[in-house]
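Reproduced below: data10.tsv, with TSV, C-alpha atoms.
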```tsv
chain	number	residue	atom	x	y	z
A	1	MET	CA	0.00	0.00	0.00
A	2	PRO	CA	1.22	3.55	-0.70
A	3	SER	CA	2.42	5.33	2.41
A	4	VAL	CA	2.82	8.91	3.64
A	5	MET	CA	5.34	9.89	6.32
A	6	ASN	CA	3.57	12.56	8.38
A	7	VAL	CA	6.19	14.59	10.29
A	8	VAL	CA	5.26	16.77	13.29
A	9	GLY	CA	7.19	18.22	16.18
A	10	ALA	CA	5.54	21.32	17.66
A	11	ARG	CA	2.11	22.48	18.84
A	12	PRO	CA	0.99	24.16	15.60
A	13	GLN	CA	1.93	21.06	13.62
A	14	PHE	CA	-0.06	18.74	15.88
A	15	VAL	CA	-3.13	20.90	15.28
A	16	LYS	CA	-2.65	20.97	11.50
A	17	ALA	CA	-1.80	17.28	11.25
A	18	GLY	CA	-4.87	16.12	13.19
A	19	PRO	CA	-7.42	16.60	10.37
A	20	VAL	CA	-4.91	15.38	7.77
A	21	SER	CA	-4.21	12.21	9.75
A	22	LEU	CA	-7.93	11.43	9.89
A	23	ALA	CA	-8.26	12.07	6.15
A	24	LEU	CA	-5.29	9.81	5.42
A	25	ALA	CA	-6.92	6.99	7.40
A	26	ALA	CA	-10.19	7.44	5.50
A	27	SER	CA	-8.37	7.33	2.16
A	28	GLY	CA	-6.67	3.99	2.74
A	29	LEU	CA	-3.17	5.48	2.56
A	30	VAL	CA	-0.76	4.09	5.14
A	31	GLU	CA	0.37	6.81	7.54
A	32	ILE	CA	3.81	6.71	9.16
A	33	LEU	CA	3.45	9.27	11.95
A	34	VAL	CA	6.76	10.73	13.15
A	35	HIS	CA	7.11	13.05	16.16
A	36	THR	CA	10.51	14.73	16.24
A	37	GLY	CA	10.17	15.67	19.91
A	38	GLN	CA	10.84	19.37	19.23
A	39	HIS	CA	8.13	20.14	21.81
A	40	TYR	CA	8.65	17.60	24.54
A	41	ASP	CA	6.69	19.12	27.44
A	42	ARG	CA	3.54	17.03	28.04
A	43	LEU	CA	1.18	20.00	27.80
A	44	MET	CA	2.91	21.16	24.62
A	45	SER	CA	2.91	17.71	23.04
A	46	ASP	CA	1.01	14.65	24.26
A	47	ALA	CA	-2.08	16.48	25.54
A	48	ILE	CA	-2.47	18.52	22.35
A	49	MET	CA	-1.95	15.50	20.10
A	50	ALA	CA	-4.75	13.69	21.92
A	51	ASP	CA	-6.92	16.81	21.76
A	52	VAL	CA	-6.80	17.00	17.95
A	53	GLY	CA	-7.23	13.29	17.35
A	54	LEU	CA	-3.64	12.35	16.56
A	55	ARG	CA	-2.83	8.78	17.53
A	56	ASP	CA	0.42	7.80	19.22
A	57	PRO	CA	3.29	8.31	16.78
A	58	ASP	CA	4.96	5.36	15.14
A	59	PHE	CA	8.32	6.97	15.89
A	60	ASN	CA	9.26	9.57	18.51
A	61	LEU	CA	12.74	10.93	17.88
A	62	GLY	CA	12.97	12.66	21.27
A	63	VAL	CA	15.23	15.42	19.95
A	64	GLY	CA	14.21	18.04	22.54
A	65	SER	CA	15.60	21.56	22.72
A	66	GLY	CA	18.93	22.93	21.53
A	67	SER	CA	20.42	25.45	19.14
A	68	HIS	CA	18.95	25.64	15.65
A	69	GLY	CA	21.93	23.85	14.15
A	70	LEU	CA	22.06	21.10	16.74
A	71	GLN	CA	18.31	20.49	16.75
A	72	THR	CA	17.97	20.52	12.97
A	73	GLY	CA	21.03	18.32	12.51
A	74	LEU	CA	19.78	15.66	14.92
A	75	MET	CA	16.38	15.64	13.21
A	76	LEU	CA	17.93	15.45	9.75
A	77	GLN	CA	20.02	12.44	10.71
A	78	ALA	CA	17.13	10.60	12.37
A	79	ILE	CA	14.54	11.34	9.65
A	80	GLU	CA	16.95	10.29	6.93
A	81	SER	CA	17.36	6.90	8.62
A	82	LEU	CA	13.59	6.52	9.01
A	83	ILE	CA	12.95	7.32	5.35
A	84	MET	CA	15.45	4.67	4.28
A	85	GLU	CA	13.90	2.18	6.70
A	86	THR	CA	10.20	2.76	5.92
A	87	GLU	CA	10.40	3.85	2.25
A	88	PRO	CA	7.40	6.23	2.16
A	89	ASP	CA	5.98	7.46	-1.14
A	90	VAL	CA	5.66	11.03	0.18
A	91	VAL	CA	7.02	12.93	3.18
A	92	LEU	CA	4.49	15.47	4.47
A	93	THR	CA	5.65	18.55	6.38
A	94	TYR	CA	3.85	21.43	8.09
A	95	GLY	CA	4.56	25.08	8.71
A	96	ASP	CA	7.96	26.55	9.45
A	97	THR	CA	9.79	24.86	12.32
A	98	ASN	CA	13.13	23.08	12.44
A	99	SER	CA	11.16	19.82	12.13
A	100	THR	CA	9.76	21.11	8.83
A	101	ILE	CA	13.06	21.96	7.16
A	102	ALA	CA	14.81	18.84	8.49
A	103	ALA	CA	12.15	16.52	7.05
A	104	ALA	CA	12.03	18.34	3.71
A	105	LEU	CA	15.79	18.33	3.35
A	106	ALA	CA	16.12	14.65	4.28
A	107	ALA	CA	13.45	13.64	1.77
A	108	ALA	CA	14.82	15.83	-1.03
A	109	LYS	CA	18.35	14.44	-0.65
A	110	LEU	CA	16.95	10.89	-0.81
A	111	HIS	CA	14.82	11.76	-3.87
A	112	VAL	CA	11.56	11.05	-2.04
A	113	ALA	CA	8.61	13.30	-2.91
A	114	THR	CA	7.98	16.05	-0.36
A	115	ALA	CA	4.73	17.94	0.26
A	116	HIS	CA	4.42	21.11	2.34
A	117	VAL	CA	1.21	22.04	4.15
A	118	GLU	CA	0.85	25.81	4.72
A	119	ALA	CA	3.11	26.67	1.80
A	120	GLY	CA	3.52	30.21	0.50
A	121	LEU	CA	3.43	32.14	3.77
A	122	ARG	CA	5.85	35.06	3.86
A	123	SER	CA	6.66	37.62	6.53
A	124	PHE	CA	9.53	38.97	4.36
A	125	ASN	CA	11.70	39.17	7.48
A	126	ARG	CA	14.77	37.01	6.95
A	127	ALA	CA	15.87	37.66	10.54
A	128	MET	CA	13.16	35.20	11.62
A	129	PRO	CA	14.32	31.56	11.56
A	130	GLU	CA	10.73	30.58	10.70
A	131	GLU	CA	10.92	32.63	7.50
A	132	LEU	CA	14.09	30.87	6.41
A	133	ASN	CA	12.55	27.48	7.20
A	134	ARG	CA	9.34	28.11	5.26
A	135	VAL	CA	11.04	29.57	2.18
A	136	ALA	CA	13.62	26.78	1.98
A	137	THR	CA	10.95	24.11	2.50
A	138	ASP	CA	8.81	25.50	-0.31
A	139	HIS	CA	11.73	25.42	-2.73
A	140	LEU	CA	12.69	21.88	-1.71
A	141	SER	CA	9.17	20.46	-1.96
A	142	ASP	CA	7.45	18.77	-4.89
A	143	LEU	CA	3.89	19.62	-3.77
A	144	LEU	CA	2.91	22.92	-2.19
A	145	PHE	CA	-0.43	23.15	-0.40
A	146	ALA	CA	-1.31	26.83	-0.08
A	147	PRO	CA	-3.95	27.91	2.45
A	148	THR	CA	-4.98	31.22	0.82
A	149	ASP	CA	-4.99	33.12	-2.46
A	150	LEU	CA	-2.22	35.37	-1.12
A	151	ALA	CA	-0.03	32.34	-0.38
A	152	MET	CA	-0.63	31.14	-3.94
A	153	SER	CA	0.42	34.57	-5.22
A	154	ASN	CA	3.64	34.44	-3.19
A	155	LEU	CA	4.49	31.01	-4.62
A	156	LYS	CA	3.79	32.21	-8.16
A	157	SER	CA	6.13	35.18	-7.70
A	158	GLU	CA	8.92	32.74	-6.75
A	159	GLY	CA	8.38	30.54	-9.79
A	160	LEU	CA	6.64	27.74	-7.87
A	161	GLU	CA	3.15	28.00	-9.36
A	162	GLU	CA	3.24	24.64	-11.16
A	163	ARG	CA	3.85	22.79	-7.87
A	164	SER	CA	1.19	24.70	-5.96
A	165	VAL	CA	-2.43	23.88	-5.11
A	166	LEU	CA	-4.92	26.07	-3.24
A	167	THR	CA	-6.36	23.72	-0.60
A	168	GLY	CA	-7.69	26.04	2.09
A	169	ASP	CA	-6.37	26.10	5.63
A	170	VAL	CA	-6.35	22.96	7.79
A	171	MET	CA	-6.71	25.19	10.86
A	172	VAL	CA	-10.31	25.80	9.83
A	173	ASP	CA	-10.84	22.03	9.75
A	174	ALA	CA	-9.39	21.76	13.26
A	175	LEU	CA	-11.45	24.64	14.67
A	176	GLN	CA	-14.67	23.26	13.22
A	177	SER	CA	-14.07	19.98	15.06
A	178	ILE	CA	-14.25	21.70	18.46
A	179	ASP	CA	-17.51	22.09	20.38
A	180	ILE	CA	-16.52	25.26	22.23
A	181	GLU	CA	-19.77	25.42	24.20
A	182	ALA	CA	-19.08	21.98	25.71
A	183	LEU	CA	-15.54	22.76	26.92
A	184	GLU	CA	-14.62	22.83	30.60
A	185	LEU	CA	-12.51	25.97	30.89
A	186	PRO	CA	-10.60	27.48	33.83
A	187	ASP	CA	-12.75	29.35	36.36
A	188	TRP	CA	-11.16	32.66	35.39
A	189	SER	CA	-12.53	32.35	31.84
A	190	ASN	CA	-15.85	33.64	33.21
A	191	GLU	CA	-14.20	36.97	34.13
A	192	ARG	CA	-13.18	39.96	32.01
A	193	TYR	CA	-9.64	39.35	30.77
A	194	TYR	CA	-7.22	39.43	27.89
A	195	ALA	CA	-5.48	36.24	26.79
A	196	ALA	CA	-1.79	36.44	25.90
A	197	THR	CA	1.10	34.33	24.66
A	198	ILE	CA	4.68	35.53	24.20
A	199	HIS	CA	7.47	33.23	23.03
A	200	ARG	CA	9.51	34.59	20.13
A	201	PRO	CA	13.22	35.32	20.69
A	202	SER	CA	12.72	38.93	19.53
A	203	ASN	CA	10.49	39.47	22.57
A	204	THR	CA	12.06	37.13	25.12
A	205	ASP	CA	15.83	36.98	24.64
A	206	GLU	CA	16.71	40.51	25.82
A	207	PRO	CA	15.86	41.42	29.44
A	208	SER	CA	14.90	44.99	28.56
A	209	ARG	CA	12.55	43.95	25.76
A	210	LEU	CA	10.89	41.18	27.77
A	211	SER	CA	10.42	43.55	30.71
A	212	GLU	CA	8.90	46.16	28.37
A	213	VAL	CA	6.41	43.61	27.02
A	214	ILE	CA	5.40	42.38	30.49
A	215	GLN	CA	4.99	45.92	31.85
A	216	ALA	CA	2.88	46.88	28.81
A	217	LEU	CA	0.62	43.90	29.49
A	218	GLY	CA	0.37	45.02	33.10
A	219	GLY	CA	-0.80	48.48	32.07
A	220	LEU	CA	-3.95	47.40	30.22
A	221	GLY	CA	-6.28	47.98	33.17
A	222	GLU	CA	-7.69	44.44	32.96
A	223	PRO	CA	-6.35	41.04	34.04
A	224	VAL	CA	-4.08	39.45	31.44
A	225	HIS	CA	-3.83	35.67	31.53
A	226	LEU	CA	-0.45	34.90	30.01
A	227	ILE	CA	-0.30	31.30	28.79
A	228	ALA	CA	3.39	30.73	29.32
A	229	HIS	CA	5.64	28.33	27.41
A	230	PRO	CA	8.22	26.72	29.76
A	231	ARG	CA	10.98	28.69	28.05
A	232	LEU	CA	9.21	31.99	28.81
A	233	LYS	CA	8.93	31.10	32.48
A	234	GLY	CA	12.64	30.31	32.49
A	235	GLN	CA	13.51	33.66	30.92
A	236	LEU	CA	11.34	35.60	33.35
A	237	GLU	CA	13.09	33.90	36.25
A	238	ALA	CA	16.59	34.18	34.79
A	239	PHE	CA	16.16	37.91	34.10
A	240	ASP	CA	14.43	38.48	37.47
A	241	ILE	CA	11.65	40.42	35.78
A	242	ASP	CA	8.98	42.00	37.96
A	243	ILE	CA	5.54	40.71	36.97
A	244	PRO	CA	2.62	43.09	37.63
A	245	ASP	CA	-0.25	41.75	39.73
A	246	SER	CA	-2.64	41.98	36.78
A	247	VAL	CA	-0.48	39.61	34.67
A	248	ILE	CA	-1.26	36.04	35.70
A	249	LEU	CA	1.02	33.25	34.48
A	250	ASN	CA	-0.70	30.04	33.39
A	251	ASP	CA	0.65	26.69	32.21
A	252	PRO	CA	0.22	25.77	28.54
A	253	LEU	CA	-3.27	24.54	27.70
A	254	PRO	CA	-4.49	21.71	25.48
A	255	TYR	CA	-5.54	22.94	22.05
A	256	ALA	CA	-9.30	22.93	22.58
A	257	SER	CA	-9.00	24.68	25.95
A	258	MET	CA	-6.72	27.33	24.46
A	259	ILE	CA	-9.26	27.98	21.71
A	260	GLY	CA	-11.99	28.27	24.34
A	261	VAL	CA	-9.94	30.69	26.42
A	262	VAL	CA	-9.23	32.89	23.39
A	263	LYS	CA	-12.88	32.83	22.34
A	264	ALA	CA	-14.04	33.91	25.83
A	265	SER	CA	-11.48	36.73	26.11
A	266	ARG	CA	-11.82	40.44	25.40
A	267	GLY	CA	-8.94	40.05	22.98
A	268	LEU	CA	-5.73	38.17	22.28
A	269	ILE	CA	-2.22	39.61	22.61
A	270	THR	CA	0.41	37.37	21.07
A	271	ASP	CA	3.53	37.00	18.96
A	272	SER	CA	2.43	33.61	17.67
A	273	GLY	CA	1.76	33.02	14.00
A	274	GLY	CA	-1.02	30.47	14.30
A	275	LEU	CA	-2.95	32.17	17.08
A	276	GLN	CA	-3.32	35.35	15.01
A	277	LYS	CA	-5.23	33.33	12.47
A	278	GLU	CA	-7.21	31.34	15.02
A	279	ALA	CA	-8.36	34.56	16.70
A	280	PHE	CA	-9.40	35.97	13.32
A	281	ILE	CA	-11.43	32.88	12.47
A	282	LEU	CA	-13.04	32.99	15.92
A	283	GLY	CA	-13.91	36.69	15.57
A	284	VAL	CA	-11.66	37.77	18.46
A	285	PRO	CA	-9.58	40.98	18.12
A	286	CYS	CA	-5.85	40.20	18.09
A	287	THR	CA	-2.91	42.45	18.84
A	288	THR	CA	0.39	41.05	17.60
A	289	ILE	CA	3.62	42.01	19.36
A	290	ARG	CA	5.64	41.91	16.15
A	291	ILE	CA	6.46	44.28	13.30
A	292	GLU	CA	5.31	41.86	10.56
A	293	THR	CA	2.98	38.93	10.03
A	294	GLU	CA	2.88	35.92	7.73
A	295	TRP	CA	-0.93	36.23	7.87
A	296	PRO	CA	-1.61	39.74	6.44
A	297	GLU	CA	-5.16	38.62	5.65
A	298	THR	CA	-5.91	39.00	9.38
A	299	LEU	CA	-5.07	42.72	9.33
A	300	GLU	CA	-8.14	43.61	7.29
A	301	GLY	CA	-10.79	45.52	9.19
A	302	GLY	CA	-8.55	45.95	12.23
A	303	TRP	CA	-9.08	42.39	13.47
A	304	ASN	CA	-5.33	42.11	13.90
A	305	VAL	CA	-2.96	45.02	14.57
A	306	LEU	CA	0.84	44.86	14.62
A	307	ALA	CA	2.15	46.56	17.75
A	308	GLY	CA	5.76	45.44	17.93
A	309	SER	CA	7.15	48.96	18.02
A	310	GLU	CA	4.10	50.61	19.60
A	311	LEU	CA	4.01	49.16	23.12
A	312	ALA	CA	3.53	52.60	24.66
A	313	GLN	CA	0.16	52.70	22.87
A	314	LEU	CA	-0.79	49.10	23.67
A	315	THR	CA	-3.77	50.10	25.85
A	316	GLU	CA	-5.31	52.14	23.04
A	317	ILE	CA	-4.55	49.49	20.43
A	318	VAL	CA	-6.20	46.61	22.31
A	319	ALA	CA	-9.27	48.76	23.08
A	320	ARG	CA	-10.02	49.38	19.37
A	321	LYS	CA	-13.25	48.18	17.75
A	322	PRO	CA	-12.69	46.11	14.58
A	323	GLU	CA	-15.08	46.40	11.67
A	324	SER	CA	-18.22	44.33	12.15
A	325	ASP	CA	-17.78	42.39	8.91
A	326	ARG	CA	-14.80	40.27	7.97
A	327	ARG	CA	-14.36	38.04	4.98
A	328	ASN	CA	-13.12	34.45	5.19
A	329	PRO	CA	-9.92	33.93	3.20
A	330	PHE	CA	-9.08	30.60	4.83
A	331	GLY	CA	-11.54	28.17	3.26
A	332	SER	CA	-14.59	26.17	4.30
A	333	GLY	CA	-13.04	23.41	6.41
A	334	HIS	CA	-12.25	20.84	3.70
A	335	ALA	CA	-8.50	21.47	3.44
A	336	ALA	CA	-7.48	18.05	4.80
A	337	SER	CA	-9.56	16.13	2.26
A	338	ASN	CA	-8.26	18.41	-0.51
A	339	ILE	CA	-4.68	17.70	0.57
A	340	VAL	CA	-5.17	13.94	0.64
A	341	ALA	CA	-6.85	14.01	-2.77
A	342	GLU	CA	-3.78	15.76	-4.20
A	343	LEU	CA	-1.46	13.25	-2.51
A	344	LEU	CA	-3.39	10.39	-4.12
A	345	LYS	CA	-3.04	12.04	-7.56
A	346	HIS	CA	0.70	12.42	-7.06
A	347	ILE	CA	1.21	8.84	-5.86
A	348	ASP	CA	-0.84	7.43	-8.75
```
Can the structure in the file be given as structure tokens, please?
Amino acid sequence: MPSVMNVVGARPQFVKAGPVSLALAASGLVEILVHTGQHYDRLMSDAIMADVGLRDPDFNLGVGSGSHGLQTGLMLQAIESLIMETEPDVVLTYGDTNSTIAAALAAAKLHVATAHVEAGLRSFNRAMPEELNRVATDHLSDLLFAPTDLAMSNLKSEGLEERSVLTGDVMVDALQSIDIEALELPDWSNERYYAATIHRPSNTDEPSRLSEVIQALGGLGEPVHLIAHPRLKGQLEAFDIDIPDSVILNDPLPYASMIGVVKASRGLITDSGGLQKEAFILGVPCTTIRIETEWPETLEGGWNVLAGSELAQLTEIVARKPESDRRNPFGSGHAASNIVAELLKHID
């Protein structure tokens, strides 16, 4: 039977791979599910995988954290060995992490077809490691699954149109699978609050910048529930940063609970890529602590505002009122089945 190696390693990839994994099973294709171990904390990995319907992986590489070179190199070596051992027809990658580029590079060097979910995203900021990963993966891959018309346009401008297919966004598939009304959320979700996540090196690696972000969150006049990645907690402690009383640190949440918390909030403040889009789909105003976004579609109508260099005005920015109407550029929730249909065409 034809087989697809499905490679994941971080929270956003678990979410995207969930609907695709279910569609692969329904199609009769054999799935070889590989978890690189890039996110190894239980709440960042196992709980989210279960939440989105991903089964236990066939292989867990257990790579863990490390520098970009070390982490990517370990993944590249391990994935190369797995490809030679299992002989998949296609290697499927997601997004823009070190897991993504390692899998694409391993497959390309072994002349195995590679497909990239969420192809064509561009922030046009080469200082971001994610930008380098996504651009390189697109140019290495044989099949490019673009989530939006804008992503298709970006791929066309780079000479990749013939490899590209507009599939819609698998995040819509994932969101539609959640019964938000039935979720058991933290008690504080019944209060007035902003939800926040901060994790990018540009906001967390310099003590002065991280302190500026935290103090800006503390000045909003409402409680801010900061869902904190373990690395963020470590940086806050290492830099001995004073945390205002109104900023409440919380452990990472399973995917469905995080979606529920964002939906119930007054607004989201984040530097995440995926959460910008999830907030937009949910109809929740988002303020992004960055100077660029790979999801410019979310900026329309003021539903997302970039505030990376405007933290002094953060209170005014988060209090804005977006336009009442917003279009849907992300598809109708059939991206996973579209992706699997294209994989079947390629394998045949």
Given all atoms listed in the file as the basis, pick out the residue of A:Ala106, A:Leu29, A:Met49, A:Met152 nearest to A:Ala174.
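Among A:Ala106, A:Leu29, A:Met49, A:Met152, it is A:Met49 that comes nearest to A:Ala174.
Relative to atom CA of A:Gly62, atom CA of A:Tyr94 is found at 18.3 Å.
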Listed atoms of stretch 142-150 of chain A boxed axis-aligned with 3 Å per side, centre + edges as AutoDock Vina command-line options:
```
--center_x 1.2 --center_y 27.1 --center_z -1.2 --size_x 18.4 --size_y 22.6 --size_z 13.3
```
Which residue gives the smallest distance to A:Phe330 among A:Val172, A:Val213, A:Leu311, A:Leu183, with all atoms listed in the file counted?
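Among the listed residues, the smallest separation from A:Phe330 belongs to A:Val172.
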For A:Ala113, the nearest of the candidates A:Arg163, A:Ala146, A:Met128, A:Glu206, counting all atoms listed in the file:
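When distances to A:Ala113 are compared using all atoms listed in the file, the smallest one comes from A:Arg163.
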Spatial neighbours of A:Ser265, 8 Å, all atoms listed in the file, chain gap at least 4 places, as a ChimeraX atom specification
/A:189,192-195,261,284
If we count all atoms listed in the file and set the cut-off at 8 Å, which residues sit around A:Glu184, ignoring sequence neighbours fewer than 2 positions away in its own chain? Please answer as a list in words.
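After dropping sequence-adjacent residues, the list is Ala182, Pro186 and Ser257 of chain A.
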Residue contacts of A:Ala196 (6 Å, only C-alpha atoms) excluding same-chain residues fewer than 4 positions away, as a list of chain:residue names:
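Skipping anything fewer than 4 positions along the chain leaves A:Leu226, A:Leu268, A:Ile269, A:Thr270.
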Can you write just those residues out, C-alpha atoms, as a PDB file, in the coordinates of the input?
```pdb
ATOM      1  CA  LEU A 226      -0.450  34.900  30.010  1.00  0.00           C
ATOM      2  CA  LEU A 268      -5.730  38.170  22.280  1.00  0.00           C
ATOM      3  CA  ILE A 269      -2.220  39.610  22.610  1.00  0.00           C
ATOM      4  CA  THR A 270       0.410  37.370  21.070  1.00  0.00           C
TER       5      THR A 270
END
```
Report as a PDB file with C-alpha atoms, in the coordinates of the input all protein, DNA and RNA residues lying within 7 Å of A:Gln38, evaluated on all atoms listed in the file, omitting residues in the same chain fewer than 3 positions from it.
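Dumped everything to selection-v8.pdb:
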```
ATOM      1  CA  GLY A   9       7.190  18.220  16.180  1.00  0.00           C
ATOM      2  CA  ALA A  10       5.540  21.320  17.660  1.00  0.00           C
ATOM      3  CA  VAL A  63      15.230  15.420  19.950  1.00  0.00           C
ATOM      4  CA  GLY A  64      14.210  18.040  22.540  1.00  0.00           C
ATOM      5  CA  SER A  65      15.600  21.560  22.720  1.00  0.00           C
TER       6      SER A  65
END
```
Using all atoms listed in the file, what residues lie at most 9 Å away from (1.2, 46.3, 26.4) (file coordinates), given as JSON, numbers by chain?
{"A": [212, 213, 214, 215, 216, 217, 218, 219, 220, 269, 289, 307, 310, 311, 312, 313, 314, 315, 317, 318]}
Considering only C-alpha atoms, can you say which of A:Leu110, A:Ala264, A:Asp96, A:Val224 comes closest to A:Asn250?
A:Val224
Can you tell me how far atom CA of A:Ser81 sits from atom CA of A:Leu140, in Å to one decimal?
18.8 Å
Polymer residues at most 12 Å from A:His35, only C-alpha atoms, same-chain spacing of 3 or more positions, as a ChimeraX atom specification
/A:5-11,13-14,17,32,38-40,45-46,49,54-64,75,78-79,82,93,99-100,103
Hey, can you spit out that residue selection with C-alpha atoms as a compact mmCIF listing (two decimals), in the coordinates of the input?
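The file below, selection.txt, is the result:
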```txt
# COMPACT_ATOMS: atom_id res chain seq x y z
CA MET A 5 5.34 9.89 6.32
CA ASN A 6 3.57 12.56 8.38
CA VAL A 7 6.19 14.59 10.29
CA VAL A 8 5.26 16.77 13.29
CA GLY A 9 7.19 18.22 16.18
CA ALA A 10 5.54 21.32 17.66
CA ARG A 11 2.11 22.48 18.84
CA GLN A 13 1.93 21.06 13.62
CA PHE A 14 -0.06 18.74 15.88
CA ALA A 17 -1.80 17.28 11.25
CA ILE A 32 3.81 6.71 9.16
CA GLN A 38 10.84 19.37 19.23
CA HIS A 39 8.13 20.14 21.81
CA TYR A 40 8.65 17.60 24.54
CA SER A 45 2.91 17.71 23.04
CA ASP A 46 1.01 14.65 24.26
CA MET A 49 -1.95 15.50 20.10
CA LEU A 54 -3.64 12.35 16.56
CA ARG A 55 -2.83 8.78 17.53
CA ASP A 56 0.42 7.80 19.22
CA PRO A 57 3.29 8.31 16.78
CA ASP A 58 4.96 5.36 15.14
CA PHE A 59 8.32 6.97 15.89
CA ASN A 60 9.26 9.57 18.51
CA LEU A 61 12.74 10.93 17.88
CA GLY A 62 12.97 12.66 21.27
CA VAL A 63 15.23 15.42 19.95
CA GLY A 64 14.21 18.04 22.54
CA MET A 75 16.38 15.64 13.21
CA ALA A 78 17.13 10.60 12.37
CA ILE A 79 14.54 11.34 9.65
CA LEU A 82 13.59 6.52 9.01
CA THR A 93 5.65 18.55 6.38
CA SER A 99 11.16 19.82 12.13
CA THR A 100 9.76 21.11 8.83
CA ALA A 103 12.15 16.52 7.05
```
To one decimal place in Å, what is the distance between atom CA of A:Leu92 and atom CA of A:Lys16?
11.4 Å
Take stretch 217-222 of chain A from the block and save it with all heavy atoms, as a PDB file, in the first residue's frame.
```pdb
ATOM      1  N   LEU A 217       1.774  44.745  29.186  1.00  0.00           N
ATOM      2  CA  LEU A 217       0.615  43.898  29.491  1.00  0.00           C
ATOM      3  C   LEU A 217      -0.001  44.296  30.836  1.00  0.00           C
ATOM      4  O   LEU A 217      -1.224  44.300  30.995  1.00  0.00           O
ATOM      5  CB  LEU A 217       1.026  42.422  29.527  1.00  0.00           C
ATOM      6  CG  LEU A 217       1.489  41.792  28.213  1.00  0.00           C
ATOM      7  CD1 LEU A 217       1.895  40.343  28.446  1.00  0.00           C
ATOM      8  CD2 LEU A 217       0.404  41.867  27.143  1.00  0.00           C
ATOM      9  N   GLY A 218       0.852  44.643  31.786  1.00  0.00           N
ATOM     10  CA  GLY A 218       0.367  45.023  33.104  1.00  0.00           C
ATOM     11  C   GLY A 218      -0.336  46.365  33.148  1.00  0.00           C
ATOM     12  O   GLY A 218      -1.016  46.681  34.138  1.00  0.00           O
ATOM     13  N   GLY A 219      -0.192  47.146  32.088  1.00  0.00           N
ATOM     14  CA  GLY A 219      -0.798  48.475  32.071  1.00  0.00           C
ATOM     15  C   GLY A 219      -2.125  48.542  31.342  1.00  0.00           C
ATOM     16  O   GLY A 219      -2.636  49.650  31.093  1.00  0.00           O
ATOM     17  N   LEU A 220      -2.724  47.408  31.022  1.00  0.00           N
ATOM     18  CA  LEU A 220      -3.950  47.404  30.224  1.00  0.00           C
ATOM     19  C   LEU A 220      -5.205  47.701  31.027  1.00  0.00           C
ATOM     20  O   LEU A 220      -6.268  47.926  30.449  1.00  0.00           O
ATOM     21  CB  LEU A 220      -4.114  46.057  29.505  1.00  0.00           C
ATOM     22  CG  LEU A 220      -3.044  45.726  28.472  1.00  0.00           C
ATOM     23  CD1 LEU A 220      -3.355  44.402  27.800  1.00  0.00           C
ATOM     24  CD2 LEU A 220      -2.916  46.830  27.430  1.00  0.00           C
ATOM     25  N   GLY A 221      -5.112  47.664  32.355  1.00  0.00           N
ATOM     26  CA  GLY A 221      -6.277  47.976  33.173  1.00  0.00           C
ATOM     27  C   GLY A 221      -7.240  46.814  33.340  1.00  0.00           C
ATOM     28  O   GLY A 221      -8.321  46.991  33.918  1.00  0.00           O
ATOM     29  N   GLU A 222      -6.906  45.669  32.829  1.00  0.00           N
ATOM     30  CA  GLU A 222      -7.692  44.444  32.962  1.00  0.00           C
ATOM     31  C   GLU A 222      -6.731  43.286  33.232  1.00  0.00           C
ATOM     32  O   GLU A 222      -5.560  43.350  32.857  1.00  0.00           O
ATOM     33  CB  GLU A 222      -8.484  44.141  31.679  1.00  0.00           C
ATOM     34  CG  GLU A 222      -9.481  45.205  31.262  1.00  0.00           C
ATOM     35  CD  GLU A 222     -10.802  45.083  32.007  1.00  0.00           C
ATOM     36  OE1 GLU A 222     -10.932  44.160  32.839  1.00  0.00           O
ATOM     37  OE2 GLU A 222     -11.692  45.914  31.742  1.00  0.00           O
TER      38      GLU A 222
END
```
